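Below is one structure; the comments refer to it alone.
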Amino acid sequence: MMKHTLSVVVENKPGVLTRVTSLFARRGFNIDSLAVGTTEDPTMSRITIVCSAADTPIEQITKQVYKLINVIKVQDLDPIDSVERELVLFKINAAPERRHEIIEIANVFRAKIVDVGRNSVTIEATGATDKIDAMEDLFRAYGIKEMARTGKIALSRGREG
């Protein structure tokens with residue numbers, strides 16, 4: 001089983017997301033990550049779905065998604081031919097005497113400090129999933145109070161379409 005990133009362009013209408021995700025549930029696929037937002041055309045949305053599946057079942061589900069009403073385009077994005085990013089917010093335990101260590105880690109990953117509390121620091125970072133995972137591993141040593149990840153968003157590289 002391998003991870004697949006599907007980019008699904010749909011009409012921006014109520015119920016479309018439910019129809020798409022229900023198809024995955026009915027077929028027994030677990031969705032690892034889901035991100036939805038409008039595209040450059042406000043009448044359309046892009047749903048980015050990450051799931052684990054063998055190649056043949058993913059081809060079948062891609063065809064079934066494409067047949068759904070309001071679905072305009074479906075792509076199984078190749079990681080080499082696409083740009084993938086994720087956004088995360090970490091709220092880290094940060095006693096004043098250890099705060100500089102946390103800020104150094106954030107700087108190494110080109111992350112931003114977006115809030116400083118009496119005993120915590122909130123950090124924003126974007127990047128590939130492995131970068132976010134590496135930051136999470138390092139911050140666990142300090143204690144992660146809260147964390148919110150967007151899930152992966154992706155677009156195909158350079159070529160049109």
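How things are named: the first chain in the structure tokens is A, the next is B, and so on; residues count from 1 in each chain; ligands count from 1 in the order shown.
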Taking only range 66-114 of chain A into account, list the residues labelled helix (DSSP H, G or I) by DSSP (computed from the backbone), as a PyMOL selection string.
chain A and resi 66-67+79-81+99-108
Would you mind listing what lies within 8 Å of Thr126 in chain A as an NGL selection string, with only C-alpha atoms counted and same-chain residues fewer than 4 positions away left out?
:A and (85-88 or 111 or 132)
Restricting it to N, CA and C atoms, dump the selection as a PDB file, in the first residue's frame.
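Saved to selection10.pdb:
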ATOM      1  N   ARG A  85       2.501  20.959   0.173  1.00  0.00           N
ATOM      2  CA  ARG A  85       2.805  21.700   1.394  1.00  0.00           C
ATOM      3  C   ARG A  85       1.738  21.412   2.438  1.00  0.00           C
ATOM      4  N   GLU A  86       2.126  21.674   3.688  1.00  0.00           N
ATOM      5  CA  GLU A  86       1.222  21.541   4.815  1.00  0.00           C
ATOM      6  C   GLU A  86       1.498  22.712   5.755  1.00  0.00           C
ATOM      7  N   LEU A  87       0.489  23.162   6.451  1.00  0.00           N
ATOM      8  CA  LEU A  87       0.632  24.225   7.445  1.00  0.00           C
ATOM      9  C   LEU A  87       0.371  23.620   8.818  1.00  0.00           C
ATOM     10  N   VAL A  88       1.146  24.056   9.816  1.00  0.00           N
ATOM     11  CA  VAL A  88       0.952  23.576  11.180  1.00  0.00           C
ATOM     12  C   VAL A  88       1.113  24.733  12.153  1.00  0.00           C
ATOM     13  N   ALA A 111      10.486  28.624  10.496  1.00  0.00           N
ATOM     14  CA  ALA A 111       9.131  28.774  11.030  1.00  0.00           C
ATOM     15  C   ALA A 111       9.010  30.152  11.680  1.00  0.00           C
ATOM     16  N   ILE A 132       7.441  18.870   8.628  1.00  0.00           N
ATOM     17  CA  ILE A 132       6.501  19.091   9.732  1.00  0.00           C
ATOM     18  C   ILE A 132       6.655  17.973  10.765  1.00  0.00           C
TER      19      ILE A 132
END
For range 93-95 of chain A, list every protein, DNA or RNA residue within 12 Å, evaluated using only C-alpha atoms, and leave out those in the same chain fewer than 4 positions away; present the list as a list in words.
Arg99, His100, Glu101, Ile102, Ile103, Asp115, Val116, Gly117, Arg118, Asn119, Ser120, Val121, Thr122, Ile123, Phe139, Arg140, Ala141, Tyr142, Gly143, Ile144, Lys145, Glu146 and Met147 of chain A
List the spatial neighbours of Ile80 in chain A as a count of residues only - criterion: any atom at most 10 Å away, only C-alpha atoms, same-chain residues fewer than 4 positions off excluded.
3
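Straight-line separation from CA of Arg27 in chain A to CA of Gln60 in chain A: 10.1 Å.
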Students should find that CA of Gln75 in chain A and CA of Thr5 in chain A are spaced 8.2 Å
Under the rule that only C-alpha atoms are counted, which of A:Ala54, A:Glu40, A:Ala125, A:Ser45 is the nearest residue to Lys73 in chain A?
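When distances to Lys73 in chain A are compared using only C-alpha atoms, the smallest one comes from A:Ser45.
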Between A:Arg46, A:Val20, A:Ile72, A:Leu6, which is the closest to Glu59 in chain A once you count only C-alpha atoms?
A:Leu6
Top pick for closest residue to Leu34 in chain A, considering A:Ile153, A:Ala106, A:Ile58, A:Met135 and counting only C-alpha atoms
A:Ile153
Find the residues near Val74 in chain A: any atom within 10 Å, counting only C-alpha atoms, skip ones fewer than 5 places away on the same chain, and give them as a list in words.
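Skipping anything fewer than 5 positions along the chain leaves Leu6, Ser7, Val8, Val9, Val10, Arg46, Ile47, Thr48, Thr62, Lys63, Gln64, Val65, Tyr66 and Lys67 of chain A.
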May I have the selected residues written with C-alpha atoms, as a PDB file, in the first residue's frame?
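Generated file (selection-v9.pdb):
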ATOM      1  CA  LEU A   6      -5.681  13.035  -5.092  1.00  0.00           C
ATOM      2  CA  SER A   7      -6.566  16.492  -6.346  1.00  0.00           C
ATOM      3  CA  VAL A   8     -10.303  16.726  -7.010  1.00  0.00           C
ATOM      4  CA  VAL A   9     -11.739  19.887  -8.577  1.00  0.00           C
ATOM      5  CA  VAL A  10     -15.464  20.196  -7.924  1.00  0.00           C
ATOM      6  CA  ARG A  46     -10.181  21.865  -4.812  1.00  0.00           C
ATOM      7  CA  ILE A  47     -10.348  18.866  -2.477  1.00  0.00           C
ATOM      8  CA  THR A  48      -6.935  17.382  -1.668  1.00  0.00           C
ATOM      9  CA  THR A  62     -10.489   7.794  -9.022  1.00  0.00           C
ATOM     10  CA  LYS A  63     -12.786   6.724 -11.864  1.00  0.00           C
ATOM     11  CA  GLN A  64     -15.743   6.456  -9.477  1.00  0.00           C
ATOM     12  CA  VAL A  65     -15.067   9.924  -8.018  1.00  0.00           C
ATOM     13  CA  TYR A  66     -14.912  11.370 -11.518  1.00  0.00           C
ATOM     14  CA  LYS A  67     -18.392   9.961 -12.248  1.00  0.00           C
TER      15      LYS A  67
END
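Shell of Phe29 in chain A at 12 Å, with only C-alpha atoms counted and residues fewer than 5 places along the chain excluded, is Met1, Lys3, His4, Val20, Thr21, Ser22, Leu23, Phe24, Ile49, Val50, Cys51, Ser52, Ala53, Ala54, Pro57, Ile58, Gln60 and Ile61 of chain A.
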